[in-house]
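The data block below is work38.txt; it holds compact mmCIF, C-alpha atoms.
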```
# COMPACT_ATOMS: atom_id res chain seq x y z
CA MET A 14 19.41 72.48 18.67
CA GLN A 15 16.47 72.17 21.06
CA GLU A 16 15.88 75.93 20.82
CA ALA A 17 15.97 75.78 17.03
CA PHE A 18 13.41 72.95 17.05
CA LEU A 19 11.11 75.11 19.19
CA ALA A 20 11.65 78.23 17.10
CA HIS A 21 10.86 76.41 13.84
CA ASP A 22 8.01 74.18 15.05
CA GLY A 23 10.15 71.11 14.39
CA LEU A 24 7.68 68.98 16.33
CA GLN A 25 4.04 68.53 17.21
CA CYS A 26 3.55 65.51 19.47
CA GLY A 27 7.24 65.30 20.36
CA PHE A 28 7.47 61.49 20.21
CA CYS A 29 10.23 61.44 17.57
CA THR A 30 11.97 64.59 18.81
CA PRO A 31 14.75 63.08 20.98
CA GLY A 32 15.84 60.91 18.05
CA GLN A 33 15.55 63.80 15.60
CA ILE A 34 17.79 65.93 17.79
CA MET A 35 20.38 63.19 18.24
CA SER A 36 20.48 62.64 14.47
CA ALA A 37 20.67 66.36 13.82
CA ILE A 38 23.67 66.75 16.10
CA GLY A 39 25.31 63.71 14.50
CA LEU A 40 24.64 65.22 11.09
CA ILE A 41 26.30 68.51 12.03
CA GLN A 42 29.30 66.73 13.56
CA GLU A 43 29.78 64.64 10.43
CA ALA A 44 29.89 67.91 8.49
CA GLN A 45 28.70 66.40 5.19
CA ALA A 46 25.45 68.29 4.68
CA GLY A 47 26.63 71.90 4.90
CA ASP A 48 23.83 74.41 4.30
CA ASP A 49 22.17 72.30 1.61
CA PRO A 50 18.57 71.51 2.65
CA GLU A 51 18.55 68.52 0.29
CA ARG A 52 21.55 66.99 2.06
CA VAL A 53 19.97 67.72 5.44
CA ARG A 54 16.73 65.99 4.40
CA GLU A 55 18.63 62.99 3.04
CA GLY A 56 20.81 62.76 6.14
CA MET A 57 17.77 62.94 8.43
CA SER A 58 15.67 60.48 6.42
CA GLY A 59 16.22 57.64 8.90
CA ASN A 60 14.04 59.47 11.43
CA LEU A 61 10.34 59.39 10.72
CA CYS A 62 7.95 62.04 12.01
CA ARG A 63 4.33 60.95 11.88
CA CYS A 64 3.19 64.54 12.53
CA GLY A 65 4.98 65.57 9.35
CA ALA A 66 7.07 68.36 10.85
CA TYR A 67 9.78 67.79 8.25
CA GLN A 68 9.92 71.35 6.95
CA GLY A 69 10.39 72.72 10.47
CA ILE A 70 12.97 70.05 11.27
CA THR A 71 15.04 70.91 8.19
CA ALA A 72 14.83 74.63 8.97
CA ALA A 73 15.84 73.97 12.60
CA VAL A 74 18.86 71.88 11.63
CA LEU A 75 20.05 74.52 9.15
CA GLU A 76 19.64 77.32 11.66
CA ALA A 77 21.28 75.40 14.50
CA ARG A 78 24.23 74.61 12.29
CA LYS A 79 24.69 78.30 11.56
CA ALA A 80 24.31 79.25 15.21
CA LEU A 81 26.72 76.69 16.54
CA ASP A 82 30.22 77.88 15.89
CA ALA A 83 33.00 75.35 15.60
CA ALA A 84 33.79 75.39 19.30
CA SER A 85 30.26 74.82 20.49
CA ARG A 86 29.77 72.17 17.82
CA ARG A 87 32.53 70.26 19.54
CA GLN A 88 30.94 70.96 22.90
CA VAL A 89 27.65 69.31 22.01
CA ALA A 90 29.53 66.08 21.33
CA MET B 26 12.24 34.11 20.70
CA LYS B 27 14.25 30.93 20.87
CA THR B 28 17.03 30.87 23.48
CA PHE B 29 20.55 30.71 22.11
CA ASP B 30 24.18 30.60 23.18
CA TYR B 31 26.24 33.74 22.80
CA VAL B 32 29.95 33.33 22.08
CA ARG B 33 32.49 36.11 21.72
CA PRO B 34 35.67 34.66 20.19
CA ALA B 35 39.02 36.46 20.41
CA THR B 36 40.43 35.36 17.07
CA VAL B 37 39.18 34.48 13.59
CA ARG B 38 40.28 30.89 14.18
CA GLU B 39 38.19 30.65 17.35
CA ALA B 40 35.27 32.26 15.55
CA VAL B 41 35.38 29.71 12.75
CA ALA B 42 35.56 26.83 15.24
CA ALA B 43 32.61 28.23 17.22
CA ALA B 44 30.52 28.88 14.11
CA SER B 45 31.08 25.39 12.72
CA ALA B 46 28.50 24.04 15.18
CA PRO B 47 25.07 23.25 13.71
CA ASP B 48 22.67 26.22 13.59
CA ALA B 49 25.36 28.73 14.49
CA ALA B 50 25.27 32.23 13.00
CA TYR B 51 27.78 35.04 12.88
CA LEU B 52 26.71 38.30 14.48
CA ALA B 53 28.33 41.56 13.37
CA ALA B 54 26.19 44.71 13.58
CA GLY B 55 23.03 42.61 13.55
CA THR B 56 21.06 45.15 11.49
CA ASN B 57 19.40 42.28 9.62
CA LEU B 58 19.96 39.22 11.81
CA LEU B 59 18.38 40.60 15.00
CA ASP B 60 15.19 41.52 13.14
CA LEU B 61 15.08 38.04 11.65
CA MET B 62 15.56 36.43 15.07
CA LYS B 63 12.90 38.58 16.74
CA GLY B 64 10.46 37.60 14.02
CA GLY B 65 11.30 33.91 14.34
CA VAL B 66 12.41 33.85 10.71
CA THR B 67 15.85 32.51 11.58
CA ARG B 68 16.41 30.60 14.79
CA PRO B 69 20.13 30.09 15.42
CA SER B 70 21.11 28.07 18.47
CA ARG B 71 24.41 29.90 18.79
CA LEU B 72 25.47 33.45 17.97
CA VAL B 73 29.15 34.00 17.31
CA ASP B 74 29.75 37.71 17.89
CA ILE B 75 32.64 38.76 15.66
CA SER B 76 32.16 42.49 16.18
CA HIS B 77 35.14 42.67 18.56
CA LEU B 78 37.61 40.70 16.45
CA PRO B 79 40.74 42.76 15.88
CA GLY B 80 42.10 43.76 12.48
CA LEU B 81 38.93 43.35 10.42
CA ASP B 82 37.96 47.02 10.37
CA ARG B 83 40.73 48.32 8.14
CA ILE B 84 40.75 49.72 4.61
CA GLU B 85 44.17 48.77 3.24
CA ASP B 86 45.85 49.87 0.04
CA LEU B 87 47.51 46.89 -1.59
CA ALA B 88 50.94 46.90 -3.21
CA ASP B 89 49.37 46.03 -6.60
CA GLY B 90 47.17 49.15 -6.50
CA GLY B 91 44.01 47.42 -5.33
CA VAL B 92 42.23 47.84 -2.01
CA ARG B 93 41.32 45.38 0.73
CA ILE B 94 38.26 46.20 2.82
CA GLY B 95 37.97 44.38 6.15
CA ALA B 96 34.70 42.56 6.79
CA LEU B 97 33.87 44.75 9.79
CA VAL B 98 34.36 48.13 8.08
CA ARG B 99 31.15 50.12 8.55
CA ASN B 100 29.25 51.22 5.45
CA ALA B 101 29.47 54.91 6.37
CA ASP B 102 33.19 54.75 7.14
CA LEU B 103 33.91 53.18 3.76
CA ALA B 104 31.71 55.58 1.80
CA ARG B 105 33.20 58.61 3.58
CA ASN B 106 36.81 57.48 3.19
CA ARG B 107 38.09 60.11 0.77
CA ALA B 108 40.79 58.00 -0.88
CA PHE B 109 38.38 55.11 -1.35
CA ALA B 110 35.52 57.25 -2.66
CA ARG B 111 37.80 58.96 -5.16
CA ARG B 112 39.01 55.66 -6.60
CA TYR B 113 35.73 53.73 -6.40
CA PRO B 114 33.04 56.43 -6.64
CA ALA B 115 30.22 54.13 -7.76
CA VAL B 116 30.79 51.97 -4.69
CA ALA B 117 30.62 55.01 -2.40
CA GLU B 118 27.46 56.25 -4.13
CA ALA B 119 25.80 52.83 -3.80
CA LEU B 120 26.65 52.69 -0.10
CA LEU B 121 25.23 56.16 0.52
CA SER B 122 22.03 55.27 -1.32
CA GLY B 123 21.37 52.36 1.02
CA ALA B 124 19.31 52.27 4.22
CA SER B 125 19.55 55.29 6.56
CA ALA B 126 22.40 57.18 8.19
CA GLN B 127 21.92 55.22 11.42
CA LEU B 128 22.05 51.86 9.66
CA ARG B 129 25.06 52.87 7.55
CA ASN B 130 26.89 53.79 10.76
CA ALA B 131 26.39 50.27 12.07
CA ALA B 132 26.15 47.87 9.13
CA THR B 133 29.30 46.08 8.02
CA VAL B 134 30.81 45.03 4.70
CA GLY B 135 30.55 41.31 5.45
CA GLY B 136 27.01 41.66 6.71
CA ASN B 137 25.99 43.49 3.56
CA LEU B 138 27.05 40.55 1.40
CA LEU B 139 25.22 38.12 3.68
CA GLN B 140 21.99 40.07 4.21
CA ARG B 141 18.83 38.14 3.51
CA THR B 142 16.19 38.89 0.94
CA ARG B 143 13.44 41.38 1.80
CA CYS B 144 10.72 39.17 0.31
CA ALA B 145 7.73 39.71 2.61
CA TYR B 146 6.82 36.02 2.47
CA PHE B 147 10.27 35.10 3.78
CA TYR B 148 9.67 37.41 6.75
CA ASP B 149 6.11 36.25 7.42
CA VAL B 150 6.38 32.94 9.26
CA ALA B 151 2.71 32.23 8.52
CA SER B 152 3.48 32.11 4.77
CA ALA B 153 5.01 29.28 2.77
CA CYS B 154 8.63 29.98 1.84
CA ASN B 155 11.08 27.45 0.43
CA LYS B 156 13.97 29.62 1.57
CA ARG B 157 12.86 29.70 5.21
CA GLU B 158 11.30 26.23 5.28
CA PRO B 159 12.57 24.08 2.39
CA GLY B 160 9.80 22.19 0.66
CA SER B 161 6.99 24.32 2.11
CA GLY B 162 6.24 26.11 -1.16
CA CYS B 163 6.38 29.74 -2.25
CA ASP B 164 3.51 32.08 -1.43
CA ALA B 165 5.20 34.85 -3.39
CA ARG B 166 4.20 33.00 -6.57
CA GLY B 167 0.67 34.22 -7.12
CA GLY B 168 1.02 36.62 -4.20
CA GLU B 169 2.07 40.25 -3.94
CA ASN B 170 5.10 40.01 -6.19
CA ARG B 171 5.50 43.17 -8.21
CA LEU B 172 9.00 43.74 -6.76
CA HIS B 173 10.26 40.17 -7.21
CA ALA B 174 12.91 38.74 -9.51
CA ILE B 175 12.91 38.99 -13.29
CA ILE B 176 16.17 37.13 -13.91
CA GLY B 177 17.48 33.81 -12.61
CA TRP B 178 14.41 32.92 -10.56
CA SER B 179 12.97 29.43 -10.25
CA GLU B 180 9.61 27.86 -9.48
CA SER B 181 10.76 27.43 -5.89
CA CYS B 182 11.87 31.03 -5.25
CA ILE B 183 11.42 34.44 -6.90
CA ALA B 184 13.12 36.58 -4.24
CA THR B 185 15.81 39.18 -4.95
CA HIS B 186 19.07 40.09 -3.25
CA PRO B 187 18.59 43.54 -1.73
CA SER B 188 22.17 44.88 -1.62
CA ASP B 189 23.21 48.13 -3.28
CA PHE B 190 26.87 47.82 -2.29
CA CYS B 191 27.24 44.45 -4.07
CA VAL B 192 26.11 45.84 -7.43
CA PRO B 193 29.13 48.07 -8.24
CA LEU B 194 31.36 45.55 -6.45
CA VAL B 195 30.37 42.79 -8.84
CA ALA B 196 30.74 45.14 -11.80
CA LEU B 197 34.29 45.92 -10.68
CA ASP B 198 35.38 42.28 -10.16
CA ALA B 199 35.47 42.28 -6.37
CA VAL B 200 36.83 39.18 -4.66
CA VAL B 201 35.61 37.80 -1.32
CA GLU B 202 38.24 36.54 1.14
CA ILE B 203 36.96 33.69 3.29
CA GLU B 204 38.36 31.93 6.31
CA GLY B 205 37.25 28.40 7.15
CA ARG B 206 38.45 25.37 9.03
CA ALA B 207 40.55 24.37 6.02
CA GLY B 208 42.23 27.80 5.93
CA ARG B 209 41.78 30.80 3.70
CA ARG B 210 40.26 30.84 0.22
CA GLU B 211 38.75 33.44 -2.07
CA ILE B 212 35.80 33.57 -4.42
CA PRO B 213 34.91 36.20 -7.04
CA LEU B 214 31.82 38.04 -5.79
CA GLU B 215 30.15 37.27 -9.13
CA ILE B 216 29.85 33.60 -8.15
CA PHE B 217 29.60 34.09 -4.39
CA HIS B 218 25.79 34.27 -4.34
CA ARG B 219 23.80 31.34 -5.72
CA LEU B 220 20.66 31.47 -7.80
CA PRO B 221 17.74 29.68 -6.11
CA GLY B 222 17.29 26.69 -8.44
CA ASP B 223 15.64 23.98 -6.38
CA ALA B 224 17.58 24.84 -3.20
CA PRO B 225 16.77 28.48 -2.38
CA GLU B 226 17.84 27.94 1.23
CA ARG B 227 21.45 27.83 0.00
CA GLU B 228 22.25 31.45 -0.78
CA THR B 229 26.03 31.61 -0.99
CA MET B 230 29.08 29.47 -1.69
CA LEU B 231 30.06 29.57 2.00
CA ASP B 232 30.46 26.21 3.74
CA PRO B 233 29.28 25.84 7.36
CA GLY B 234 31.49 27.87 9.69
CA GLU B 235 33.15 29.86 6.91
CA MET B 236 33.48 33.56 7.55
CA ILE B 237 34.02 36.54 5.25
CA VAL B 238 37.15 38.35 6.41
CA ALA B 239 37.56 40.91 3.61
CA VAL B 240 36.47 42.11 0.18
CA ARG B 241 39.12 43.11 -2.36
CA LEU B 242 38.83 45.39 -5.34
CA PRO B 243 41.51 45.03 -8.02
CA ALA B 244 43.71 47.86 -9.25
CA GLU B 245 42.05 47.78 -12.71
CA ALA B 246 38.80 48.96 -11.12
CA VAL B 247 40.39 52.35 -10.42
CA ARG B 248 40.65 53.01 -14.16
CA PHE B 249 36.87 53.49 -14.28
CA ALA B 250 36.86 56.15 -11.57
CA GLY B 251 36.23 59.02 -14.02
CA HIS B 252 33.03 57.46 -15.40
CA ALA B 253 31.37 55.40 -12.71
CA ARG B 254 27.83 55.78 -11.37
CA TYR B 255 25.17 53.92 -9.46
CA LEU B 256 21.50 54.57 -10.22
CA LYS B 257 18.78 53.24 -7.96
CA ILE B 258 15.03 53.41 -8.56
CA ARG B 259 13.08 53.44 -5.30
CA GLU B 260 9.44 53.79 -4.33
CA ARG B 261 10.39 56.74 -2.14
CA THR B 262 13.37 59.03 -2.50
CA SER B 263 15.33 57.83 0.48
CA TYR B 264 15.55 54.95 2.97
CA ALA B 265 14.16 52.31 0.61
CA PHE B 266 15.39 49.21 -1.18
CA ALA B 267 15.89 49.23 -4.92
CA VAL B 268 13.05 48.34 -7.25
CA VAL B 269 15.85 48.04 -9.80
CA SER B 270 19.31 49.53 -9.85
CA ALA B 271 22.37 49.61 -12.08
CA ALA B 272 26.07 50.24 -11.64
CA ALA B 273 27.79 51.48 -14.79
CA ALA B 274 31.50 52.08 -15.20
CA LEU B 275 33.19 53.12 -18.42
CA ARG B 276 36.66 53.82 -19.63
CA VAL B 277 36.17 56.53 -22.26
CA GLU B 278 38.86 57.62 -24.71
CA ASP B 279 38.03 60.45 -27.17
CA GLY B 280 34.31 59.76 -26.93
CA THR B 281 34.78 56.04 -27.52
CA ILE B 282 34.17 53.41 -24.85
CA ALA B 283 37.39 51.47 -24.40
CA GLN B 284 35.95 49.23 -21.71
CA ALA B 285 32.63 48.91 -19.90
CA ARG B 286 31.37 47.34 -16.71
CA LEU B 287 27.71 46.89 -15.91
CA ALA B 288 25.71 45.18 -13.17
CA LEU B 289 22.09 45.27 -12.03
CA GLY B 290 20.49 45.13 -8.60
CA GLY B 291 16.97 44.21 -7.53
CA VAL B 292 16.46 41.89 -10.48
CA ALA B 293 17.75 38.53 -9.23
CA MET B 294 18.81 36.64 -6.12
CA LYS B 295 22.33 37.92 -6.77
CA PRO B 296 23.93 41.12 -8.02
CA TRP B 297 23.64 40.58 -11.77
CA ARG B 298 26.67 41.19 -13.97
CA ALA B 299 25.69 42.03 -17.55
CA ARG B 300 28.66 40.80 -19.57
CA ALA B 301 26.87 40.62 -22.92
CA ALA B 302 26.06 44.32 -22.59
CA GLU B 303 29.67 45.11 -21.72
CA LEU B 304 30.80 43.49 -24.99
CA ILE B 305 28.35 45.61 -26.99
CA LEU B 306 29.64 48.77 -25.34
CA ALA B 307 33.35 48.07 -25.78
CA GLY B 308 34.70 49.94 -28.79
CA ALA B 309 31.46 51.84 -29.45
CA ARG B 310 30.92 55.57 -29.40
CA ALA B 311 29.34 56.62 -26.11
CA ASP B 312 25.84 57.59 -27.30
CA ALA B 313 22.20 56.89 -26.51
CA ALA B 314 21.88 54.32 -29.33
CA VAL B 315 24.53 51.99 -27.95
CA PHE B 316 23.27 52.49 -24.38
CA GLY B 317 19.86 51.30 -25.59
CA ARG B 318 21.36 48.24 -27.29
CA ALA B 319 23.35 47.44 -24.17
CA ALA B 320 20.18 47.74 -22.08
CA GLU B 321 18.38 45.31 -24.42
CA ALA B 322 21.23 42.81 -24.07
CA ALA B 323 21.38 43.19 -20.29
CA LEU B 324 17.71 42.18 -19.97
CA ALA B 325 17.67 39.60 -22.77
CA GLU B 326 17.08 36.72 -20.34
CA ALA B 327 14.50 38.56 -18.24
CA LYS B 328 11.00 37.23 -17.76
CA PRO B 329 8.31 38.20 -15.24
CA SER B 330 7.86 35.99 -12.17
CA GLY B 331 4.48 37.56 -11.38
CA ASP B 332 3.00 41.04 -11.63
CA ASN B 333 6.43 42.48 -12.28
CA GLY B 334 6.76 42.66 -16.05
CA PHE B 335 7.17 46.42 -15.67
CA LYS B 336 10.50 45.84 -13.99
CA ILE B 337 12.01 44.60 -17.25
CA GLU B 338 11.40 47.85 -19.11
CA LEU B 339 12.24 49.83 -15.97
CA ALA B 340 15.55 47.98 -15.70
CA ARG B 341 16.33 48.66 -19.40
CA ARG B 342 15.74 52.36 -18.90
CA THR B 343 17.72 52.34 -15.67
CA VAL B 344 20.68 50.69 -17.43
CA ALA B 345 20.57 53.16 -20.33
CA ARG B 346 20.38 56.10 -17.96
CA ALA B 347 23.14 54.80 -15.68
CA LEU B 348 25.36 54.44 -18.74
CA ALA B 349 24.53 57.98 -19.86
CA LEU B 350 25.32 59.29 -16.38
CA ALA B 351 28.61 57.38 -16.32
CA ALA B 352 29.54 58.68 -19.77
CA ALA B 353 28.85 62.25 -18.60
CA GLY B 354 31.49 61.75 -15.94
CA THR B 355 31.64 61.06 -12.22
CA PRO B 356 30.58 64.18 -10.32
CA GLU B 357 33.12 65.85 -8.05
CA ARG B 358 30.98 64.96 -5.08
CA VAL B 359 28.28 62.36 -4.54
CA PRO B 360 24.95 64.13 -5.22
CA ALA B 361 22.76 65.25 -2.32
CA LEU B 362 20.41 62.39 -3.20
CA PRO B 363 22.88 59.57 -3.89
CA ALA B 364 22.04 57.35 -6.88
CA SER B 365 18.64 59.00 -7.22
CA PRO B 366 17.05 59.66 -10.62
CA PHE B 367 15.89 62.94 -9.06
CA ALA B 368 19.41 64.05 -8.25
CA SER B 369 20.89 66.92 -10.18
CA VAL B 370 24.59 67.36 -10.67
CA SER B 371 25.94 70.92 -10.79
CA GLY B 372 22.45 72.19 -11.52
CA ASP B 373 22.23 70.27 -14.80
CA VAL B 374 19.05 68.44 -15.69
CA ILE B 375 19.76 64.82 -16.41
CA HIS B 376 18.07 63.00 -19.30
CA ALA B 377 18.91 59.53 -20.50
```

Whole structure, structure tokens version:
Amino acid sequence: MQEAFLAHDGLQCGFCTPGQIMSAIGLIQEAQAGDDPERVREGMSGNLCRCGAYQGITAAVLEARKALDAASRRQVA
Amino acid sequence: MKTFDYVRPATVREAVAAASAPDAAYLAAGTNLLDLMKGGVTRPSRLVDISHLPGLDRIEDLADGGVRIGALVRNADLARNRAFARRYPAVAEALLSGASAQLRNAATVGGNLLQRTRCAYFYDVASACNKREPGSGCDARGGENRLHAIIGWSESCIATHPSDFCVPLVALDAVVEIEGRAGRREIPLEIFHRLPGDAPERETMLDPGEMIVAVRLPAEAVRFAGHARYLKIRERTSYAFAVVSAAAALRVEDGTIAQARLALGGVAMKPWRARAAELILAGARADAAVFGRAAEAALAEAKPSGDNGFKIELARRTVARALALAAAGTPERVPALPASPFASVSGDVIHA
């Protein structure tokens, strides 16, 4: 997830990033959002990013979800 | 912040005894109470932490076909419970439209019913507020009040009840189970919250020390599962309270409404059941004309309490649209944007 945030510019100042990453991992574990960017945005809406990196964050979450197979998804728990 | 005692009872009976002291408050997830305490808005002298009480976090199917939801069930756990969401889809949609994922993971059923208004003057201790300080006046009157009540308000208070969850619950005849020193009793949710009148500091029918232990939905509520929606108008798409909202549930037979349930949120100091509108809908063909008449009836008593006249027409349109959405059928899955007017179901564009 951290790599995906870097690859997709999911941050600028980094202040909100730890919380974004925790929420993103929670979101993937809950397995409700799938590959739907709208569901990812809604699920992540409790984390504000004053730099406005939302597009990168959504892209990072979607890519990380794809990259993490079921086993490693459990591992990040 | 004021110092306070912290008590962690082991049983409901002990909790009730501990909370019967003056200025005691129950603490569950604390998603509202802790903010209020930090801001000096409420100043309890004793916190009774019920979050560890056993047996209150269950969702139980009842023999009569209804469901009993323990007071400590988390919002997210209830909304994501497949059996519950299938039978009470409007309740699940309302829950998922509220707050944020983090708050839904913490906030409880009982706490949702007992959450305080979001009126900014209630939260600002430098402002006059009859709810926070009885007799001090109401700075919301003549203040920034475009989101305040349009039904059931009084000269002493124009605040609204902020819950989404309570709106479909009241439409579906939910009952609140309460434990007090005199034992257990129950109250229909419809009369659980009080309108402000001249005592806005009294918000519910609970007596001192009484505790919500569960909320029940009756078996009849399941019959609306095929046509039940919640629609919530917000000032941003997510993580916001309702400007106005509506829960609509219909029983439709051959295009005719056999039975209707309707309630509004964000309009009054309680979730507002619209029984006159339900009577208009019953027996009518499910079309835009009758939805419009029902919306008129639902807002018949409405009047602005400030710069919020727009909420009356907005609420009418929200009711009509919620009814149209319900008539179209409950979607297989809660939309990506739960209860949002911007949500699309199966790619269809939605028009009231």

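Considering only C-alpha atoms, the residue among B:Glu260, B:Asp102, B:Glu211, B:Asp332 positioned nearest to chain A is B:Asp102.
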
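The list of chain B residues within 10 Å of chain A is B:Arg105, B:Leu121, B:Ser122, B:Ala124, B:Ser125, B:Ala126, B:Gln127, B:Leu128, B:Thr262, B:Ser263, B:Tyr264, B:Pro360, B:Ala361, B:Leu362, B:Pro363, B:Ala368; this uses only C-alpha atoms.
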
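Atom pair CA of Met230 (chain B) / CA of Asp89 (chain B): separated by 26.6 Å.
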
For region 211-296 of chain B versus region 81-87 of chain B, which residues have an atom no more than 12 Å away, and what is each residue's nearest atom pair and distance in Å rounded to one decimal, using all atoms listed in the file, chain-then-number order, as a Markdown table?
```
| residue | atom | partner | partner_atom | distance |
| --- | --- | --- | --- | --- |
| B:Met236 | CA | B:Leu81 | CA | 11.6 |
| B:Ile237 | CA | B:Leu81 | CA | 9.9 |
| B:Val238 | CA | B:Leu81 | CA | 6.7 |
| B:Ala239 | CA | B:Leu81 | CA | 7.4 |
| B:Val240 | CA | B:Ile84 | CA | 9.8 |
| B:Arg241 | CA | B:Leu87 | CA | 9.2 |
| B:Leu242 | CA | B:Leu87 | CA | 9.6 |
| B:Pro243 | CA | B:Leu87 | CA | 9.0 |
| B:Ala244 | CA | B:Leu87 | CA | 8.6 |
```

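When CA of Ala17 (chain A) is paired with CA of Arg63 (chain A), their separation reads 19.5 Å.
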
One residue among B:Asn333, B:Val292, B:Ala273, B:Asn155 is nearest to Ala345 (chain B) when using only C-alpha atoms, and that residue is B:Ala273

Around the point (14.4, 66.8, 20.4) in the file's coordinates, collect all residues with an atom within 10 Å, using all atoms listed in the file, and return them as number ranges by chain.
A: 14-19, 23-24, 27-37, 70

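Between CA of Phe249 (chain B) and CA of Arg276 (chain B) there is a distance of 5.4 Å.
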
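Omitting Leu339 (chain B) and its sequence neighbours fewer than 3 positions away, and counting all atoms listed in the file, the residues within 10 Å are Ile258, Val268, Val269, Ser270, Gly334, Phe335, Lys336, Arg342, Thr343, Val344 and Ala345 of chain B.
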
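Within 8 Å of the point (28.3, 39.6, -9.3), counting all atoms listed in the file, the protein and nucleic acid residues come to Cys191, Val192, Leu194, Val195, Ala196, Asp198, Pro213, Leu214, Glu215, Ile216, Phe217, His218, Ala288, Lys295, Pro296, Trp297 and Arg298 of chain B.
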
Considering all atoms listed in the file, return as an MDAnalysis selection string whatever protein or nucleic-acid residues lie within 8 Å of His173 (chain B), sequence-local ones (same chain, fewer than 2 positions apart) excluded.
chainID B and resid 144 170:171 175 183:185 291:293 330:331 333
